[in-house]
Amino acid sequence: MSQSQRKGTFTEPPEEPPQPAQASTPAEYTAALRTLRLWSGLTYRQLEDKATAHTDALPASTIATTLGRATLPRERFVDAFTRACGLDEEEVRQWLEARRRIATPKPASTGDEGGDDRDVIATGVAVTARAPRWHWAAGLLGAAGIAVAGTLGVSSLFQDSSTPAALPAMPVTELRMLAVGSWARIHPARTPGLCLTEGRDRTGRYQTAVAAQQPCTKAALPLVFLEPLGKDTVQIQWHHPKYGIGCLTVLLKGPGRDLIEPRDDCADDNRAQQFRVEPFGPPATPHFRIRPVVTGQCLSLRDQDTKSGSEVVQGRCSGAADQDFLIELIPPPQVAAGRSQSSR
């Protein structure tokens with residue numbers, strides 16, 4: 001089943017590609033690009049591959065970030081993205097002309113336009129090579145994260161002055177996500193000062209990176225992106241400036257059994273990378289239970305631990321407090337103004 005068919009459970013893709021001539025503002029133009037992506041039926045990873053085939057560099061993380069904004073993308077992004085979506089030369093020309101039309105009345109750039117150049121800086125993914133990215137030694141994680149966070153500034157990774165365009169129907173019940181996916185932080189409800197991010201197996205039996213709870217102030221990297229795969233079902237992506245995109249994957253055997261590991265072989269049809277997100281607790285509370293589709297169990301904290309560094313594991317759905325999570329949607333990442341200007 002294609003992605004467009006899967007996503008039709010909550011947002012039916014249009015039969016014909018959207019027409020950019022109808023857009024009159026940057027927000028409307030970016031919303032039209034999001035609709036174009038739904039029409040294409042392609043994932044971010046597939047769009048990256050299509051762009052590479054056209055000799056364009058268009059990292060999946062750049063696409064996710066740019067489509068999450070309401071500011072006008074750069075012309076180079078529009079050209080590569082529309083070609084990757086399958087449009088012909090005349091259709092690409094129409095999108096570029098519409099962008100120029102919207103951009104023309106605006107004053108000189110103040111650096112707030114958004115676009116692919118800044119997204120590549122913010123995510124650090126400026127290459128199209130398929131080098132191994134996510135199976136690194138856990139001991140290297142903190143150093144890499146601290147080095148990049150220190151360069152960009154932690155606040156710059158999460159703050160964006162732009163406001164997303166009007167939200168479509170919610171792909172996840174009680175969570176106001178965009179149909180194209182949203183950046184997020186995931187917190188254990190018992191310890192909201194902690195975030196689900198990279199850590200290591202404290203038993204030492206499994207040596208690569210796994211999901212764990214850490215103080216949010218130390219969890220700037222990797223960035224978390226939720227991509228809808230169907231109604232109430234998402235792929236949880238980790239975007240790292242050095243290792244690229246990894247998808248959280250339930251380990252079903254071996255020394256890491258029941259742990260959650262980021263893997264760079266993201267695939268929409270891999271059930272071990274699909275998570276069902278369900279409202280949890282009293283109605284109208286922003287609490288959720290996260291269930292791996294492959295087993296139907298629930299994510300929780302190992303031994304119901306509340307300490308920093310506790311591993312995320314899957315286990316029987318018991319309704320225990322450690323299976324209760326908060327999902328905080330955040331603005332797209334944006335590089336700090338000083339770094340952005342100095343890079344021009």
# chains A, B, ... in the order shown; residues from 1 in each chain; ligands from 1
call {"tool": "residues_around", "arguments": {"residues": "Val294 (chain A)", "least_positions_apart": "4", "cutoff": "9 Å", "atoms": "only C-alpha atoms", "output": "list in words"}}
result
Val250, Asn270, Arg271, Ala272, Gln273, Gln274 and Phe275 of chain A
call {"tool": "residues_around", "arguments": {"residues": "Cys266 (chain A)", "least_positions_apart": "2", "cutoff": "12 Å", "atoms": "only C-alpha atoms", "output": "CSV table (one decimal) with C-alpha atoms, in the first residue's frame"}}
result
chain,number,residue,atom,x,y,z
A,43,THR,CA,7.9,9.8,2.2
A,44,TYR,CA,10.7,12.3,3.1
A,45,ARG,CA,13.2,9.6,2.5
A,46,GLN,CA,11.8,8.7,-0.9
A,60,ALA,CA,14.8,14.4,4.3
A,133,ARG,CA,24.7,6.8,10.6
A,134,TRP,CA,23.0,5.4,13.7
A,227,GLU,CA,5.6,11.3,10.9
A,235,GLN,CA,7.1,6.7,12.9
A,236,ILE,CA,9.3,8.3,15.6
A,237,GLN,CA,12.3,9.8,13.8
A,238,TRP,CA,15.5,11.1,15.5
A,244,GLY,CA,21.2,11.9,10.0
A,245,ILE,CA,17.8,10.4,10.4
A,246,GLY,CA,17.2,7.3,12.5
A,247,CYS,CA,13.8,5.7,13.2
A,248,LEU,CA,13.1,4.2,16.6
A,249,THR,CA,12.8,0.5,16.2
A,261,GLU,CA,17.0,1.6,19.1
A,262,PRO,CA,17.4,4.3,16.4
A,263,ARG,CA,18.1,2.7,13.0
A,264,ASP,CA,18.9,4.4,9.7
A,268,ASP,CA,7.2,2.8,6.4
A,269,ASP,CA,6.3,-0.9,6.1
A,270,ASN,CA,8.5,-2.0,9.0
A,271,ARG,CA,6.1,-2.7,11.8
A,272,ALA,CA,8.9,-2.6,14.4
A,273,GLN,CA,9.2,1.1,13.5
A,274,GLN,CA,5.5,1.9,13.8
call {"tool": "atom_distance", "arguments": {"atom1": "CA of Thr71 (chain A)", "atom2": "CA of Ala31 (chain A)"}}
result
10.0 Å
call {"tool": "select_by_dssp", "arguments": {"residues": "region 235-304 of chain A", "states": "strand (DSSP E)", "output": "ChimeraX atom specification"}}
result
/A:235-240,244-250,260-263,275-279,287-292,298-301
call {"tool": "write_last_selection", "arguments": {"atoms": "C-alpha atoms", "output": "mmCIF file, in the first residue's frame"}}
result
data_model
loop_
_atom_site.group_PDB
_atom_site.id
_atom_site.type_symbol
_atom_site.label_atom_id
_atom_site.label_comp_id
_atom_site.auth_asym_id
_atom_site.auth_seq_id
_atom_site.Cartn_x
_atom_site.Cartn_y
_atom_site.Cartn_z
ATOM 1 C CA GLN A 235 7.051 6.745 12.891
ATOM 2 C CA ILE A 236 9.275 8.322 15.551
ATOM 3 C CA GLN A 237 12.313 9.789 13.831
ATOM 4 C CA TRP A 238 15.479 11.068 15.450
ATOM 5 C CA HIS A 239 17.268 13.792 13.453
ATOM 6 C CA HIS A 240 20.922 14.084 14.405
ATOM 7 C CA GLY A 244 21.221 11.898 9.970
ATOM 8 C CA ILE A 245 17.769 10.373 10.424
ATOM 9 C CA GLY A 246 17.169 7.286 12.530
ATOM 10 C CA CYS A 247 13.800 5.657 13.177
ATOM 11 C CA LEU A 248 13.064 4.216 16.593
ATOM 12 C CA THR A 249 12.834 0.450 16.236
ATOM 13 C CA VAL A 250 11.677 -2.159 18.754
ATOM 14 C CA ILE A 260 14.148 0.778 21.511
ATOM 15 C CA GLU A 261 16.989 1.556 19.103
ATOM 16 C CA PRO A 262 17.353 4.252 16.395
ATOM 17 C CA ARG A 263 18.111 2.702 13.005
ATOM 18 C CA PHE A 275 3.940 3.188 17.008
ATOM 19 C CA ARG A 276 0.293 3.616 17.867
ATOM 20 C CA VAL A 277 -0.362 6.749 19.940
ATOM 21 C CA GLU A 278 -3.481 6.578 22.106
ATOM 22 C CA PRO A 279 -5.019 9.074 24.564
ATOM 23 C CA HIS A 287 -1.506 12.210 28.100
ATOM 24 C CA PHE A 288 -0.735 9.328 25.752
ATOM 25 C CA ARG A 289 0.150 5.671 25.686
ATOM 26 C CA ILE A 290 2.641 4.624 22.977
ATOM 27 C CA ARG A 291 2.302 1.080 21.632
ATOM 28 C CA PRO A 292 4.641 -0.663 19.165
ATOM 29 C CA CYS A 298 3.267 -0.539 25.595
ATOM 30 C CA LEU A 299 6.354 1.593 26.001
ATOM 31 C CA SER A 300 7.419 2.092 29.587
ATOM 32 C CA LEU A 301 10.523 2.697 31.702
#
call {"tool": "closest_residue", "arguments": {"among": "A:Thr203, A:Pro241, A:Glu328, A:Pro192", "to": "Thr306 (chain A)", "atoms": "only C-alpha atoms"}}
result
A:Pro192
call {"tool": "atom_distance", "arguments": {"atom1": "CA of Leu175 (chain A)", "atom2": "CA of Ser318 (chain A)"}}
result
22.7 Å
call {"tool": "residues_around", "arguments": {"residues": "Pro20 (chain A)", "least_positions_apart": "3", "cutoff": "12 Å", "atoms": "only C-alpha atoms", "output": "ChimeraX atom specification"}}
result
/A:17,23-36,78,82,91-102
call {"tool": "write_last_selection", "arguments": {"atoms": "N, CA, C and O atoms", "output": "mmCIF file, in the first residue's frame"}}
result
data_model
loop_
_atom_site.group_PDB
_atom_site.id
_atom_site.type_symbol
_atom_site.label_atom_id
_atom_site.label_comp_id
_atom_site.auth_asym_id
_atom_site.auth_seq_id
_atom_site.Cartn_x
_atom_site.Cartn_y
_atom_site.Cartn_z
ATOM 1 N N PRO A 17 -2.461 17.551 -8.695
ATOM 2 C CA PRO A 17 -1.542 18.350 -7.878
ATOM 3 C C PRO A 17 -2.109 19.737 -7.628
ATOM 4 O O PRO A 17 -2.821 20.291 -8.470
ATOM 5 N N ALA A 23 -1.998 30.547 -4.357
ATOM 6 C CA ALA A 23 -1.351 31.002 -3.125
ATOM 7 C C ALA A 23 -0.988 32.468 -3.246
ATOM 8 O O ALA A 23 -0.448 32.912 -4.267
ATOM 9 N N SER A 24 -1.276 33.236 -2.202
ATOM 10 C CA SER A 24 -0.973 34.664 -2.233
ATOM 11 C C SER A 24 -0.081 35.109 -1.077
ATOM 12 O O SER A 24 0.358 36.250 -1.046
ATOM 13 N N THR A 25 0.184 34.225 -0.127
ATOM 14 C CA THR A 25 1.049 34.554 1.006
ATOM 15 C C THR A 25 2.064 33.428 1.192
ATOM 16 O O THR A 25 1.857 32.299 0.714
ATOM 17 N N PRO A 26 3.157 33.682 1.907
ATOM 18 C CA PRO A 26 4.118 32.616 2.177
ATOM 19 C C PRO A 26 3.485 31.413 2.864
ATOM 20 O O PRO A 26 3.793 30.259 2.538
ATOM 21 N N ALA A 27 2.576 31.652 3.825
ATOM 22 C CA ALA A 27 1.937 30.544 4.535
ATOM 23 C C ALA A 27 1.093 29.701 3.591
ATOM 24 O O ALA A 27 1.105 28.466 3.663
ATOM 25 N N GLU A 28 0.349 30.369 2.684
ATOM 26 C CA GLU A 28 -0.470 29.626 1.731
ATOM 27 C C GLU A 28 0.400 28.844 0.758
ATOM 28 O O GLU A 28 0.061 27.721 0.364
ATOM 29 N N TYR A 29 1.519 29.422 0.379
ATOM 30 C CA TYR A 29 2.423 28.747 -0.552
ATOM 31 C C TYR A 29 3.020 27.489 0.082
ATOM 32 O O TYR A 29 3.057 26.424 -0.535
ATOM 33 N N THR A 30 3.468 27.602 1.326
ATOM 34 C CA THR A 30 4.037 26.445 2.010
ATOM 35 C C THR A 30 2.969 25.388 2.255
ATOM 36 O O THR A 30 3.239 24.189 2.152
ATOM 37 N N ALA A 31 1.747 25.808 2.576
ATOM 38 C CA ALA A 31 0.642 24.850 2.731
ATOM 39 C C ALA A 31 0.395 24.104 1.423
ATOM 40 O O ALA A 31 0.111 22.897 1.425
ATOM 41 N N ALA A 32 0.521 24.806 0.286
ATOM 42 C CA ALA A 32 0.349 24.153 -1.012
ATOM 43 C C ALA A 32 1.458 23.138 -1.259
ATOM 44 O O ALA A 32 1.221 22.062 -1.833
ATOM 45 N N LEU A 33 2.676 23.449 -0.818
ATOM 46 C CA LEU A 33 3.776 22.488 -0.936
ATOM 47 C C LEU A 33 3.507 21.248 -0.102
ATOM 48 O O LEU A 33 3.808 20.117 -0.515
ATOM 49 N N ARG A 34 2.921 21.426 1.085
ATOM 50 C CA ARG A 34 2.575 20.264 1.912
ATOM 51 C C ARG A 34 1.529 19.408 1.208
ATOM 52 O O ARG A 34 1.594 18.166 1.228
ATOM 53 N N THR A 35 0.555 20.060 0.578
ATOM 54 C CA THR A 35 -0.458 19.315 -0.165
ATOM 55 C C THR A 35 0.171 18.592 -1.351
ATOM 56 O O THR A 35 -0.210 17.456 -1.667
ATOM 57 N N LEU A 36 1.143 19.230 -1.998
ATOM 58 C CA LEU A 36 1.848 18.587 -3.107
ATOM 59 C C LEU A 36 2.564 17.334 -2.634
ATOM 60 O O LEU A 36 2.576 16.306 -3.318
ATOM 61 N N VAL A 78 12.438 24.890 -3.693
ATOM 62 C CA VAL A 78 11.216 24.683 -4.466
ATOM 63 C C VAL A 78 11.518 23.916 -5.752
ATOM 64 O O VAL A 78 10.803 22.985 -6.131
ATOM 65 N N THR A 82 9.816 20.194 -6.030
ATOM 66 C CA THR A 82 8.745 19.951 -6.999
ATOM 67 C C THR A 82 9.151 18.904 -8.030
ATOM 68 O O THR A 82 8.333 18.092 -8.456
ATOM 69 N N GLU A 91 5.315 22.538 -14.997
ATOM 70 C CA GLU A 91 4.724 22.637 -13.657
ATOM 71 C C GLU A 91 5.735 23.198 -12.658
ATOM 72 O O GLU A 91 5.385 24.020 -11.797
ATOM 73 N N VAL A 92 6.997 22.773 -12.773
ATOM 74 C CA VAL A 92 8.037 23.323 -11.899
ATOM 75 C C VAL A 92 8.170 24.820 -12.131
ATOM 76 O O VAL A 92 8.285 25.610 -11.174
ATOM 77 N N ARG A 93 8.133 25.247 -13.396
ATOM 78 C CA ARG A 93 8.235 26.673 -13.722
ATOM 79 C C ARG A 93 7.104 27.464 -13.070
ATOM 80 O O ARG A 93 7.318 28.570 -12.554
ATOM 81 N N GLN A 94 5.890 26.898 -13.054
ATOM 82 C CA GLN A 94 4.749 27.583 -12.449
ATOM 83 C C GLN A 94 4.959 27.780 -10.946
ATOM 84 O O GLN A 94 4.621 28.834 -10.393
ATOM 85 N N TRP A 95 5.509 26.762 -10.281
ATOM 86 C CA TRP A 95 5.770 26.883 -8.850
ATOM 87 C C TRP A 95 6.836 27.950 -8.581
ATOM 88 O O TRP A 95 6.721 28.728 -7.629
ATOM 89 N N LEU A 96 7.858 27.986 -9.413
ATOM 90 C CA LEU A 96 8.918 28.980 -9.229
ATOM 91 C C LEU A 96 8.395 30.393 -9.497
ATOM 92 O O LEU A 96 8.726 31.340 -8.766
ATOM 93 N N GLU A 97 7.573 30.545 -10.518
ATOM 94 C CA GLU A 97 7.005 31.858 -10.808
ATOM 95 C C GLU A 97 6.091 32.333 -9.687
ATOM 96 O O GLU A 97 6.082 33.514 -9.328
ATOM 97 N N ALA A 98 5.304 31.400 -9.126
ATOM 98 C CA ALA A 98 4.422 31.766 -8.018
ATOM 99 C C ALA A 98 5.243 32.205 -6.809
ATOM 100 O O ALA A 98 4.883 33.167 -6.109
ATOM 101 N N ARG A 99 6.351 31.526 -6.565
ATOM 102 C CA ARG A 99 7.196 31.912 -5.439
ATOM 103 C C ARG A 99 7.765 33.317 -5.648
ATOM 104 O O ARG A 99 7.791 34.142 -4.728
ATOM 105 N N ARG A 100 8.243 33.608 -6.883
ATOM 106 C CA ARG A 100 8.796 34.935 -7.176
ATOM 107 C C ARG A 100 7.723 36.016 -7.027
ATOM 108 O O ARG A 100 7.995 37.118 -6.548
ATOM 109 N N ARG A 101 6.513 35.685 -7.447
ATOM 110 C CA ARG A 101 5.418 36.646 -7.340
ATOM 111 C C ARG A 101 5.161 37.012 -5.880
ATOM 112 O O ARG A 101 4.978 38.183 -5.530
ATOM 113 N N ILE A 102 5.133 36.006 -5.008
ATOM 114 C CA ILE A 102 4.866 36.245 -3.590
ATOM 115 C C ILE A 102 6.041 36.974 -2.943
ATOM 116 O O ILE A 102 5.855 37.829 -2.071
#
call {"tool": "closest_residue", "arguments": {"among": "A:Asp49, A:Asp322, A:Glu174, A:Glu89", "to": "Lys307 (chain A)", "atoms": "only C-alpha atoms"}}
result
A:Asp322
call {"tool": "residues_around", "arguments": {"residues": "Leu259 (chain A)", "least_positions_apart": "6", "cutoff": "8 Å", "atoms": "only C-alpha atoms", "output": "PyMOL selection string"}}
result
chain A and resi 210-211+250-251+311-314
call {"tool": "write_last_selection", "arguments": {"atoms": "C-alpha atoms", "output": "PDB file, in the first residue's frame"}}
result
ATOM      1  CA  VAL A 210      18.940   3.225  22.730  1.00  0.00           C
ATOM      2  CA  ALA A 211      16.027   5.372  23.834  1.00  0.00           C
ATOM      3  CA  VAL A 250      11.677  -2.159  18.754  1.00  0.00           C
ATOM      4  CA  LEU A 251      14.300  -4.860  19.249  1.00  0.00           C
ATOM      5  CA  GLU A 311      15.912   2.914  29.398  1.00  0.00           C
ATOM      6  CA  VAL A 312      12.655   2.884  27.453  1.00  0.00           C
ATOM      7  CA  VAL A 313      11.403  -0.674  26.959  1.00  0.00           C
ATOM      8  CA  GLN A 314       8.303  -2.390  25.685  1.00  0.00           C
TER       9      GLN A 314
END
call {"tool": "atom_distance", "arguments": {"atom1": "CA of Gln304 (chain A)", "atom2": "CA of Leu252 (chain A)"}}
result
20.1 Å
call {"tool": "closest_residue", "arguments": {"among": "A:Pro215, A:Pro228, A:Gly181, A:Gly281", "to": "Thr66 (chain A)", "atoms": "only C-alpha atoms"}}
result
A:Gly181
call {"tool": "closest_residue", "arguments": {"among": "A:Ala21, A:Phe77, A:Pro188, A:Arg83", "to": "Leu326 (chain A)", "atoms": "only C-alpha atoms"}}
result
A:Pro188
